[in-house]
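Worksheet for the structure shown next.
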Amino acid sequence: MTPEHTHDAAPDHAGGNPDLIPLRPAAAVPRHPLDPLTAAEIETARAVLVGAGLLGETVRVPMLLPYEPDKSELADWAPGDEMDRRVDVTLLDTATGGVVEAVVSVTRGEVVAQREHDTTTAPYGQPQYLFEEYERAAEIVKASDEWREAMTRRGLADRIDLAFCSPLAPGFVGRANEVGRRIIRSLTFLRDSEDDIAWAHPVEGLIVHVDLIENRVIGIEDEGDVPVPAGSGRYTPDAVGPPRETLKPIEIVQPEGPSFAVDGSHVTWENWSLRVDFNAREGLVLHDVRFDDRPVLTRASVPEMVVPYGDTSPTRFWISYFDAGEYLLGKNANHLELGCDCLGVIHYMDGHVADDHGNPVRIPNVVCMHEEDYGVLWKHTEPGPVGGHVRRSRRLVVSYFSTIGNYDYGFFWYFYLDGSIQVEAKATGIVFVGAGIPGTTNRHAPEIAPGIFAPVHQHLFSARLDVAIDGEDNQLVEIDAARIPMGDQNPFGNAFTWTETTLRNELEAQREADSSVARVWEVRSASRTNRLGKPTAYHLIPEPTALLMADPASTVAARAAFATKHLWATAFDRDERWPGGRYPNAHQGGGGLPAYTADDRSIDGEDLVLWHTFGLTHIPRPEDWPVMPVDYAGFWLKPYGFLDVNPAMDVPESSQAHGGSSDAADGGCGQGAACTCGH
């Protein structure tokens with residue numbers, strides 16, 4: 001948090017972002033078509049929409065994103081050329097529920113396209129929630145006689161003023177009074193004081209259903225009388241007590257500064273170059289990622305994630321949050337702080353998004369960029385005069401964090417000296433809990449503190465990788481390790497090999513990972529070869545991840561179909577951006593990747609996009625309470641024949657080699673007379 005923030009966050013799953021700072025548009029002028037949106041551009045877009053009669057008194061802006069140029073436009077553009085900078089805006093009339101999508105040219109000052117989105121007929125789909133709707137929903141709930149009667153019946157009338165009514169996306173369960181309407185559900189949590197952690201005190205079985213257009217409660221469920229847990233969920237220093245004094249400082253210094261350079265949105269580091277972008281939905285977006293000035297990725301982001309719960313209770317069976325598509329990961333991003341979120345010599349980038357009214361707001365220090373030591377890069381010790389040689393690895397880190405109510409997510413892109421890329425999501429924050437009778441067993445929710453039960457759930461992310469291995473003409477090949485039966489081809493039983501299966505169209509490319517055969521997916525150039533005459537390539541290396549655990553016939557499986565496969569591949573289409581569709585909120589299902597792949601287009605030697613599902617299946621534990629240590633999930637992209645030799649052979653020896661204080665005779669390596677460091 002920063003002292004200059006101007007409004008408080010609603011402490012709910014989709015709460016407002018306290019790091020959004022309304023501001024007057026800055027004078028920054030973009031220099032490249034892929035530069036992030038500026039405050040001035042967002043302000044211009046708003047003025048154009050008002051002038052066109054599209055942004056009236058009751059109309060709000062659930063989502064405003066850059067409308068990125070076509071690849072052909074980028075190919076024709078040269079520094080100094082004019083740019084037509086555009087934005088993609090979703091408009092919601094809060095009085096009628098009507099939705100309009102508009103594309104605005106902020107360069108020309110005009111609306112260049114618009115169309116209506118039908119929310120009232122199948123497959124439905126609502127725009128993202130407004131921050132103001134969270135507060136409005138809470139006001140509607142607290143003003144309702146039904147809710148107040150339920151609280152009174154439970155003996156909680158004296159705690160109504162401190163109650164926290166958490167507004168949550170409703171999923172899609174097909175209820176006749178909900179389909180086609182802008183619905184939000186509210187669960188109730190209690191506080192002992194204004195600064196208490198409400199998540200620790202769930203009022204189990206009390207669910208309120210709110211229509212945000214009619215501004216009224218349309219239904220209430222009041223199931224059971226489980227006592228509200230009395231234990232504390234506090235984790236701040238005043239509750240934890242004095243901090244331990246045993247940890248000694250770790251200082252990270254770079255006396256000559258970092259090795260990367262930043263020019264606007266363009267970043268160069270060793271052999272890497274890339275453009276860093278940020279928007280309200282995806283958060284961090286990377287463009288034109290190159291190694292040795294050879295293209296690897298045209299565009300890369302994590303544009304969606306789903307958090308489905310495995311609990312059958314009325315309070316939670318419907319929960320399946322789409323944290324980007326329903327709540328906007330980028331709009332909820334954090335202002336990062338030196339020494340807390342990031343260590344070392346840091347370069348920060350601000351982000352600009354639109355508020356509910358379309359005004360520009362700034363999220364300061366939203367993207368963090370720094371270098372990290374990463375242990376040994378390569379090492380070998382050879383007897384004789386060659387001796388031992390070792391080089392240390394380091395990586396460039398580009399990251400941001402987003403808080404969606406109770407959970408916090410960090411998204412980290414790591415670039416390595418050997419040409420590898422690692423993508424990592426970090427999940428932390430507070431697990432979502434319900435109440436139960438202490439000491440009882442719930443097969444869907446372990447007890448993690450007295451009377452506090454945390455349902456099993458998943459965090460399943462979808463990365464969108466517009467690959468460009470030495471150009472846009474690529475092929476996709478699945479590679480498995482393969483046993484060879486003992487016999488003539490394997491007389492000693494030790495032999496194994498590998499198989500290669502070319503995936504030539506979109507339906508063939510819907511694949512599952514298989515760690516039992518070390519499965520990887522290889523993206524090959526269809527036109528460029530290495531010195532061995534083989535196609536230059538990169539491997540997508542998945543980490544073990546359970547897919548969606550919900551039954552295939554469930555509504556969440558229809559809505560989050562992207563999470564039913566580890567890999568999808570599509571022929572490039574600039575409008576195909578969202579794994580779960582543009583409007584997963586209250587959507588019946590089938591949007592996004594199922595629709596994108598329905599025509600089964602060719603991906604053989606084409607401009608192709610990979611969509612990779614990775615994530616966590618979380619069976620909560622007592623150690624996750626009251627605040628959860630980080631869990632990690634991710635994957636790797638590694639060069640495979642993209643380079644002719646190890647590209648990190650010329651990395652110099654560490655500046656700390658044989659340096660620093662040590663009692664060893666060698667002055668630091670600890671080997672003494674047996675030192676074989678090559679000196």
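As shown in the structure tokens, the chain order sets the letters A, B, ...; within each chain, residues go from 1, and ligands are also counted from 1 in the order they appear.
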Counting only C-alpha atoms, which residues in range 554-665 of chain A sit no more than 7 Å from range 384-399 of chain A? For each one, give the nearest pair of atoms and the distance in Å, sorted by chain then residue number, as CSV.
residue,atom,partner,partner_atom,distance
A:Val651,CA,A:Arg391,CA,6.8
A:Pro652,CA,A:Arg391,CA,6.9
A:Glu653,CA,A:Arg391,CA,5.5
A:Ser654,CA,A:Arg392,CA,6.3
Using only C-alpha atoms, please write the residues we just selected to a file, as a CSV table (one decimal), in the first residue's frame.
chain,number,residue,atom,x,y,z
A,651,VAL,CA,30.0,-16.0,-19.4
A,652,PRO,CA,32.9,-14.7,-17.3
A,653,GLU,CA,33.9,-16.2,-13.9
A,654,SER,CA,32.0,-14.7,-11.0
Open item on the list: When you look at range 31-33 of chain A with a cut-off of 10 Å (counting only C-alpha atoms), what residues show up, excluding the ones that are within fewer than 2 positions of it in the same chain? I need them as a ChimeraX atom specification.
Closed with: /A:28-29,35-37,68-69,73-74,77-86,264-266,275
TODO: Once DSSP has gone over the backbone, tell me which residues of range 389-586 of chain A are in alpha helix (DSSP H), as a ChimeraX atom specification.
DONE: /A:555-559
Residues near Phe412 in chain A, cut-off 12 Å, only C-alpha atoms, skip fewer than 5 positions along chain, as a PDB file with C-alpha atoms, in the first residue's frame:
ATOM      1  CA  GLY A 283      -1.619  -7.863 -16.430  1.00  0.00           C
ATOM      2  CA  LEU A 284       1.906  -8.416 -17.734  1.00  0.00           C
ATOM      3  CA  VAL A 285       2.249  -8.970 -21.493  1.00  0.00           C
ATOM      4  CA  LEU A 286       5.522  -9.546 -23.351  1.00  0.00           C
ATOM      5  CA  SER A 301       0.894 -13.652 -21.349  1.00  0.00           C
ATOM      6  CA  VAL A 302      -1.182 -15.556 -18.799  1.00  0.00           C
ATOM      7  CA  ASP A 341       8.306  -7.636  -3.138  1.00  0.00           C
ATOM      8  CA  CYS A 342      11.613  -7.174  -4.955  1.00  0.00           C
ATOM      9  CA  VAL A 367       5.977  -4.329 -13.015  1.00  0.00           C
ATOM     10  CA  CYS A 368       9.244  -5.224 -11.300  1.00  0.00           C
ATOM     11  CA  MET A 369      12.386  -6.057 -13.248  1.00  0.00           C
ATOM     12  CA  HIS A 370      15.686  -7.202 -11.760  1.00  0.00           C
ATOM     13  CA  ARG A 395      18.343 -14.632 -14.694  1.00  0.00           C
ATOM     14  CA  LEU A 396      16.365 -11.573 -15.671  1.00  0.00           C
ATOM     15  CA  VAL A 397      13.086 -11.455 -13.727  1.00  0.00           C
ATOM     16  CA  VAL A 398      10.002  -9.618 -14.992  1.00  0.00           C
ATOM     17  CA  SER A 399       7.038  -9.888 -12.623  1.00  0.00           C
ATOM     18  CA  TYR A 400       3.889  -8.468 -11.105  1.00  0.00           C
ATOM     19  CA  PHE A 401       1.468  -9.388  -8.280  1.00  0.00           C
ATOM     20  CA  SER A 402      -2.323  -9.200  -8.200  1.00  0.00           C
ATOM     21  CA  ILE A 421      12.519 -19.102 -20.379  1.00  0.00           C
ATOM     22  CA  GLN A 422      10.713 -20.133 -17.215  1.00  0.00           C
ATOM     23  CA  VAL A 423       7.180 -19.044 -16.319  1.00  0.00           C
ATOM     24  CA  GLU A 424       6.102 -19.287 -12.696  1.00  0.00           C
ATOM     25  CA  ALA A 425       2.879 -18.448 -10.879  1.00  0.00           C
ATOM     26  CA  LYS A 426       3.063 -17.947  -7.122  1.00  0.00           C
ATOM     27  CA  ALA A 427      -0.104 -18.405  -5.069  1.00  0.00           C
ATOM     28  CA  TYR A 632       4.598 -22.543  -7.075  1.00  0.00           C
ATOM     29  CA  ALA A 633       3.476 -23.723 -10.504  1.00  0.00           C
ATOM     30  CA  GLY A 634       4.895 -23.180 -13.957  1.00  0.00           C
ATOM     31  CA  PHE A 635       6.672 -24.508 -17.016  1.00  0.00           C
ATOM     32  CA  TRP A 636       9.779 -24.027 -19.158  1.00  0.00           C
TER      33      TRP A 636
END
Open item on the list: Calculated over only C-alpha atoms, which of the candidates A:Leu507, A:Leu610, A:Leu64, A:Ile619 has the smallest distance to Asp311 in chain A?
Closed with: A:Ile619
Open item on the list: List the spatial neighbours of Pro579 in chain A as a list in words - criterion: any atom at most 7 Å away, only C-alpha atoms, same-chain residues fewer than 5 positions off excluded.
Closed with: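 Close residues of Pro579 in chain A: Glu304, Ser462, Phe562, Gly592 and Leu593 of chain A.
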TODO: Using only C-alpha atoms, determine which residues lie at most 6 Å from Glu101 in chain A, disregarding the query and same-chain residues fewer than 2 positions distant; provide the list as a list in words.
DONE: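 Final neighbour list, sorted by chain and number: Val89, Thr90, Gln114 and Arg115 of chain A.
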Task: Nearest residue to Glu372 in chain A from the set A:Phe453, A:Tyr416, A:Phe317, A:Trp147 (distances using only C-alpha atoms) - done: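 So, comparing all the options, the nearest one is A:Tyr416.
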Open item on the list: Give me, as a list in words, all polymer residues having an atom no more than 9 Å from Arg60 in chain A, counting only C-alpha atoms and skipping those fewer than 6 positions away in the same chain.
Closed with: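 Residues meeting the cut-off are Thr90, Leu91, Leu92, Asp93, Thr94, Leu130, Asp355, Asp356, His357 and Gly358 of chain A.
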If you keep all heavy atoms, can you produce a file of those selected residues as a PDB file, in the first residue's frame?
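Output below, filename selection.pdb:
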ATOM      1  N   THR A  90     -15.297  -2.097 -23.311  1.00  0.00           N
ATOM      2  CA  THR A  90     -16.599  -2.690 -23.010  1.00  0.00           C
ATOM      3  C   THR A  90     -17.384  -1.701 -22.162  1.00  0.00           C
ATOM      4  O   THR A  90     -16.873  -1.197 -21.158  1.00  0.00           O
ATOM      5  CB  THR A  90     -16.439  -4.014 -22.246  1.00  0.00           C
ATOM      6  OG1 THR A  90     -15.638  -4.912 -23.017  1.00  0.00           O
ATOM      7  CG2 THR A  90     -17.787  -4.659 -21.990  1.00  0.00           C
ATOM      8  N   LEU A  91     -18.615  -1.455 -22.587  1.00  0.00           N
ATOM      9  CA  LEU A  91     -19.470  -0.482 -21.908  1.00  0.00           C
ATOM     10  C   LEU A  91     -20.703  -1.187 -21.364  1.00  0.00           C
ATOM     11  O   LEU A  91     -21.338  -1.980 -22.068  1.00  0.00           O
ATOM     12  CB  LEU A  91     -19.896   0.626 -22.882  1.00  0.00           C
ATOM     13  CG  LEU A  91     -18.748   1.424 -23.522  1.00  0.00           C
ATOM     14  CD1 LEU A  91     -19.258   2.248 -24.688  1.00  0.00           C
ATOM     15  CD2 LEU A  91     -18.085   2.318 -22.480  1.00  0.00           C
ATOM     16  N   LEU A  92     -21.049  -0.893 -20.114  1.00  0.00           N
ATOM     17  CA  LEU A  92     -22.208  -1.492 -19.452  1.00  0.00           C
ATOM     18  C   LEU A  92     -23.145  -0.389 -18.987  1.00  0.00           C
ATOM     19  O   LEU A  92     -22.734   0.494 -18.227  1.00  0.00           O
ATOM     20  CB  LEU A  92     -21.756  -2.330 -18.252  1.00  0.00           C
ATOM     21  CG  LEU A  92     -22.859  -2.820 -17.308  1.00  0.00           C
ATOM     22  CD1 LEU A  92     -23.736  -3.870 -17.990  1.00  0.00           C
ATOM     23  CD2 LEU A  92     -22.267  -3.365 -16.007  1.00  0.00           C
ATOM     24  N   ASP A  93     -24.390  -0.459 -19.419  1.00  0.00           N
ATOM     25  CA  ASP A  93     -25.403   0.464 -18.915  1.00  0.00           C
ATOM     26  C   ASP A  93     -25.958  -0.136 -17.628  1.00  0.00           C
ATOM     27  O   ASP A  93     -26.663  -1.154 -17.654  1.00  0.00           O
ATOM     28  CB  ASP A  93     -26.521   0.658 -19.935  1.00  0.00           C
ATOM     29  CG  ASP A  93     -27.452   1.815 -19.562  1.00  0.00           C
ATOM     30  OD1 ASP A  93     -27.660   2.023 -18.353  1.00  0.00           O
ATOM     31  OD2 ASP A  93     -27.975   2.482 -20.465  1.00  0.00           O
ATOM     32  N   THR A  94     -25.628   0.457 -16.513  1.00  0.00           N
ATOM     33  CA  THR A  94     -26.024  -0.104 -15.223  1.00  0.00           C
ATOM     34  C   THR A  94     -27.516   0.051 -14.949  1.00  0.00           C
ATOM     35  O   THR A  94     -28.025  -0.544 -13.991  1.00  0.00           O
ATOM     36  CB  THR A  94     -25.227   0.568 -14.082  1.00  0.00           C
ATOM     37  OG1 THR A  94     -25.472   1.981 -14.094  1.00  0.00           O
ATOM     38  CG2 THR A  94     -23.741   0.299 -14.237  1.00  0.00           C
ATOM     39  N   LEU A 130     -17.549  -4.322 -11.891  1.00  0.00           N
ATOM     40  CA  LEU A 130     -17.083  -2.985 -11.555  1.00  0.00           C
ATOM     41  C   LEU A 130     -16.697  -2.943 -10.083  1.00  0.00           C
ATOM     42  O   LEU A 130     -17.317  -3.616  -9.247  1.00  0.00           O
ATOM     43  CB  LEU A 130     -18.186  -1.958 -11.810  1.00  0.00           C
ATOM     44  CG  LEU A 130     -18.784  -1.926 -13.220  1.00  0.00           C
ATOM     45  CD1 LEU A 130     -20.101  -1.152 -13.219  1.00  0.00           C
ATOM     46  CD2 LEU A 130     -17.793  -1.308 -14.194  1.00  0.00           C
ATOM     47  N   ASP A 355     -10.687   3.354 -14.713  1.00  0.00           N
ATOM     48  CA  ASP A 355     -11.585   3.053 -13.606  1.00  0.00           C
ATOM     49  C   ASP A 355     -12.995   2.784 -14.143  1.00  0.00           C
ATOM     50  O   ASP A 355     -13.213   2.723 -15.355  1.00  0.00           O
ATOM     51  CB  ASP A 355     -11.562   4.159 -12.549  1.00  0.00           C
ATOM     52  CG  ASP A 355     -12.171   5.479 -13.022  1.00  0.00           C
ATOM     53  OD1 ASP A 355     -12.787   5.522 -14.122  1.00  0.00           O
ATOM     54  OD2 ASP A 355     -12.042   6.478 -12.286  1.00  0.00           O
ATOM     55  N   ASP A 356     -13.949   2.630 -13.241  1.00  0.00           N
ATOM     56  CA  ASP A 356     -15.309   2.276 -13.656  1.00  0.00           C
ATOM     57  C   ASP A 356     -15.939   3.313 -14.586  1.00  0.00           C
ATOM     58  O   ASP A 356     -16.835   2.992 -15.376  1.00  0.00           O
ATOM     59  CB  ASP A 356     -16.210   2.122 -12.425  1.00  0.00           C
ATOM     60  CG  ASP A 356     -15.827   0.928 -11.571  1.00  0.00           C
ATOM     61  OD1 ASP A 356     -15.040   0.088 -12.043  1.00  0.00           O
ATOM     62  OD2 ASP A 356     -16.327   0.830 -10.429  1.00  0.00           O
ATOM     63  N   HIS A 357     -15.477   4.544 -14.488  1.00  0.00           N
ATOM     64  CA  HIS A 357     -16.030   5.621 -15.306  1.00  0.00           C
ATOM     65  C   HIS A 357     -15.186   5.898 -16.551  1.00  0.00           C
ATOM     66  O   HIS A 357     -15.469   6.837 -17.294  1.00  0.00           O
ATOM     67  CB  HIS A 357     -16.168   6.892 -14.470  1.00  0.00           C
ATOM     68  CG  HIS A 357     -17.173   6.789 -13.372  1.00  0.00           C
ATOM     69  ND1 HIS A 357     -18.484   7.232 -13.496  1.00  0.00           N
ATOM     70  CD2 HIS A 357     -17.078   6.267 -12.118  1.00  0.00           C
ATOM     71  CE1 HIS A 357     -19.141   6.998 -12.370  1.00  0.00           C
ATOM     72  NE2 HIS A 357     -18.309   6.413 -11.521  1.00  0.00           N
ATOM     73  N   GLY A 358     -14.141   5.132 -16.756  1.00  0.00           N
ATOM     74  CA  GLY A 358     -13.294   5.335 -17.927  1.00  0.00           C
ATOM     75  C   GLY A 358     -12.182   6.330 -17.729  1.00  0.00           C
ATOM     76  O   GLY A 358     -11.493   6.678 -18.690  1.00  0.00           O
TER      77      GLY A 358
END
- [ ] Name all residues at most 10 Å from Tyr583 in chain A (count only C-alpha atoms; drop same-chain ones fewer than 6 positions away) and give them as an NGL selection string.
- [x] :A and (117 or 119 or 123-128 or 322 or 325-326 or 589 or 591-592)
Write out, as an mmCIF file, in the first residue's frame, the residues just selected, with all heavy atoms.
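Writing the result to again-v3.cif gives the following:
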data_model
loop_
_atom_site.group_PDB
_atom_site.id
_atom_site.type_symbol
_atom_site.label_atom_id
_atom_site.label_comp_id
_atom_site.auth_asym_id
_atom_site.auth_seq_id
_atom_site.Cartn_x
_atom_site.Cartn_y
_atom_site.Cartn_z
ATOM 1 N N HIS A 117 -23.429 -6.582 -27.323
ATOM 2 C CA HIS A 117 -23.269 -7.955 -26.846
ATOM 3 C C HIS A 117 -24.551 -8.363 -26.139
ATOM 4 O O HIS A 117 -25.009 -7.682 -25.219
ATOM 5 C CB HIS A 117 -22.087 -8.070 -25.880
ATOM 6 C CG HIS A 117 -22.066 -9.358 -25.110
ATOM 7 N ND1 HIS A 117 -21.886 -10.578 -25.723
ATOM 8 C CD2 HIS A 117 -22.236 -9.622 -23.777
ATOM 9 C CE1 HIS A 117 -21.919 -11.535 -24.813
ATOM 10 N NE2 HIS A 117 -22.134 -10.980 -23.626
ATOM 11 N N THR A 119 -26.539 -10.309 -23.606
ATOM 12 C CA THR A 119 -26.338 -11.040 -22.353
ATOM 13 C C THR A 119 -27.552 -11.867 -21.963
ATOM 14 O O THR A 119 -27.496 -12.610 -20.972
ATOM 15 C CB THR A 119 -26.051 -10.058 -21.200
ATOM 16 O OG1 THR A 119 -27.205 -9.215 -21.011
ATOM 17 C CG2 THR A 119 -24.843 -9.194 -21.500
ATOM 18 N N PRO A 123 -25.262 -18.240 -25.254
ATOM 19 C CA PRO A 123 -24.697 -18.738 -23.983
ATOM 20 C C PRO A 123 -24.489 -17.673 -22.917
ATOM 21 O O PRO A 123 -23.712 -17.876 -21.990
ATOM 22 C CB PRO A 123 -23.365 -19.327 -24.438
ATOM 23 C CG PRO A 123 -22.936 -18.451 -25.558
ATOM 24 C CD PRO A 123 -24.204 -18.077 -26.276
ATOM 25 N N TYR A 124 -25.167 -16.518 -23.064
ATOM 26 C CA TYR A 124 -25.134 -15.462 -22.059
ATOM 27 C C TYR A 124 -23.731 -14.851 -21.933
ATOM 28 O O TYR A 124 -23.064 -14.630 -22.920
ATOM 29 C CB TYR A 124 -25.664 -15.977 -20.710
ATOM 30 C CG TYR A 124 -26.939 -16.767 -20.845
ATOM 31 C CD1 TYR A 124 -26.942 -18.153 -20.713
ATOM 32 C CD2 TYR A 124 -28.140 -16.127 -21.140
ATOM 33 C CE1 TYR A 124 -28.120 -18.886 -20.860
ATOM 34 C CE2 TYR A 124 -29.319 -16.847 -21.291
ATOM 35 C CZ TYR A 124 -29.295 -18.225 -21.155
ATOM 36 O OH TYR A 124 -30.446 -18.935 -21.306
ATOM 37 N N GLY A 125 -23.299 -14.599 -20.712
ATOM 38 C CA GLY A 125 -21.981 -13.998 -20.495
ATOM 39 C C GLY A 125 -22.078 -12.530 -20.144
ATOM 40 O O GLY A 125 -22.585 -11.724 -20.928
ATOM 41 N N GLN A 126 -21.605 -12.180 -18.962
ATOM 42 C CA GLN A 126 -21.642 -10.810 -18.454
ATOM 43 C C GLN A 126 -20.250 -10.183 -18.488
ATOM 44 O O GLN A 126 -19.234 -10.873 -18.339
ATOM 45 C CB GLN A 126 -22.149 -10.805 -17.016
ATOM 46 C CG GLN A 126 -23.629 -11.057 -16.865
ATOM 47 C CD GLN A 126 -24.462 -9.845 -17.248
ATOM 48 O OE1 GLN A 126 -23.998 -8.702 -17.149
ATOM 49 N NE2 GLN A 126 -25.692 -10.097 -17.671
ATOM 50 N N PRO A 127 -20.182 -8.855 -18.661
ATOM 51 C CA PRO A 127 -18.886 -8.175 -18.547
ATOM 52 C C PRO A 127 -18.298 -8.324 -17.148
ATOM 53 O O PRO A 127 -18.969 -8.726 -16.192
ATOM 54 C CB PRO A 127 -19.221 -6.710 -18.847
ATOM 55 C CG PRO A 127 -20.498 -6.754 -19.614
ATOM 56 C CD PRO A 127 -21.250 -7.933 -19.074
ATOM 57 N N GLN A 128 -17.054 -7.929 -17.026
ATOM 58 C CA GLN A 128 -16.334 -8.007 -15.762
ATOM 59 C C GLN A 128 -17.011 -7.106 -14.722
ATOM 60 O O GLN A 128 -17.691 -6.138 -15.061
ATOM 61 C CB GLN A 128 -14.878 -7.583 -15.967
ATOM 62 C CG GLN A 128 -14.098 -8.485 -16.904
ATOM 63 C CD GLN A 128 -14.540 -8.407 -18.356
ATOM 64 O OE1 GLN A 128 -14.954 -7.346 -18.836
ATOM 65 N NE2 GLN A 128 -14.463 -9.525 -19.064
ATOM 66 N N PHE A 322 -13.036 -16.995 -12.272
ATOM 67 C CA PHE A 322 -12.147 -16.685 -13.397
ATOM 68 C C PHE A 322 -11.505 -15.336 -13.052
ATOM 69 O O PHE A 322 -12.090 -14.280 -13.288
ATOM 70 C CB PHE A 322 -12.934 -16.594 -14.707
ATOM 71 C CG PHE A 322 -13.397 -17.920 -15.244
ATOM 72 C CD1 PHE A 322 -14.409 -18.635 -14.621
ATOM 73 C CD2 PHE A 322 -12.824 -18.464 -16.389
ATOM 74 C CE1 PHE A 322 -14.842 -19.850 -15.105
ATOM 75 C CE2 PHE A 322 -13.252 -19.683 -16.896
ATOM 76 C CZ PHE A 322 -14.258 -20.386 -16.253
ATOM 77 N N GLY A 325 -10.972 -13.069 -16.299
ATOM 78 C CA GLY A 325 -12.161 -12.794 -17.101
ATOM 79 C C GLY A 325 -13.324 -12.234 -16.329
ATOM 80 O O GLY A 325 -14.191 -11.569 -16.907
ATOM 81 N N GLU A 326 -13.389 -12.480 -15.007
ATOM 82 C CA GLU A 326 -14.473 -11.938 -14.195
ATOM 83 C C GLU A 326 -14.039 -10.725 -13.388
ATOM 84 O O GLU A 326 -14.831 -9.814 -13.157
ATOM 85 C CB GLU A 326 -14.994 -13.015 -13.232
ATOM 86 C CG GLU A 326 -15.696 -14.159 -13.938
ATOM 87 C CD GLU A 326 -16.096 -15.290 -13.001
ATOM 88 O OE1 GLU A 326 -15.461 -15.458 -11.936
ATOM 89 O OE2 GLU A 326 -17.038 -16.029 -13.343
ATOM 90 N N GLY A 589 -20.972 -21.673 -21.150
ATOM 91 C CA GLY A 589 -19.864 -22.553 -21.497
ATOM 92 C C GLY A 589 -19.682 -22.679 -22.995
ATOM 93 O O GLY A 589 -20.540 -22.302 -23.795
ATOM 94 N N GLY A 591 -17.222 -21.183 -24.643
ATOM 95 C CA GLY A 591 -16.497 -20.045 -25.193
ATOM 96 C C GLY A 591 -15.003 -20.284 -25.165
ATOM 97 O O GLY A 591 -14.490 -21.220 -24.547
ATOM 98 N N GLY A 592 -14.273 -19.429 -25.853
ATOM 99 C CA GLY A 592 -12.825 -19.529 -25.842
ATOM 100 C C GLY A 592 -12.325 -20.677 -26.692
ATOM 101 O O GLY A 592 -12.741 -20.858 -27.843
#
TODO: Per DSSP on the backbone, filter range 302-418 of chain A down to the residues in strand (DSSP E or B) and report them as a ChimeraX atom specification.
DONE: /A:302-309,320-322,333,338,342,347-354,360-382,387-404,407-416
- [ ] May I ask which of the residues A:Asp277, A:Asp473, A:Tyr348, A:Asn359 is the closest one to Leu55 in chain A, counting only C-alpha atoms?
- [x]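 Between A:Asp277, A:Asp473, A:Tyr348, A:Asn359, the residue approaching Leu55 in chain A most closely is A:Asn359.
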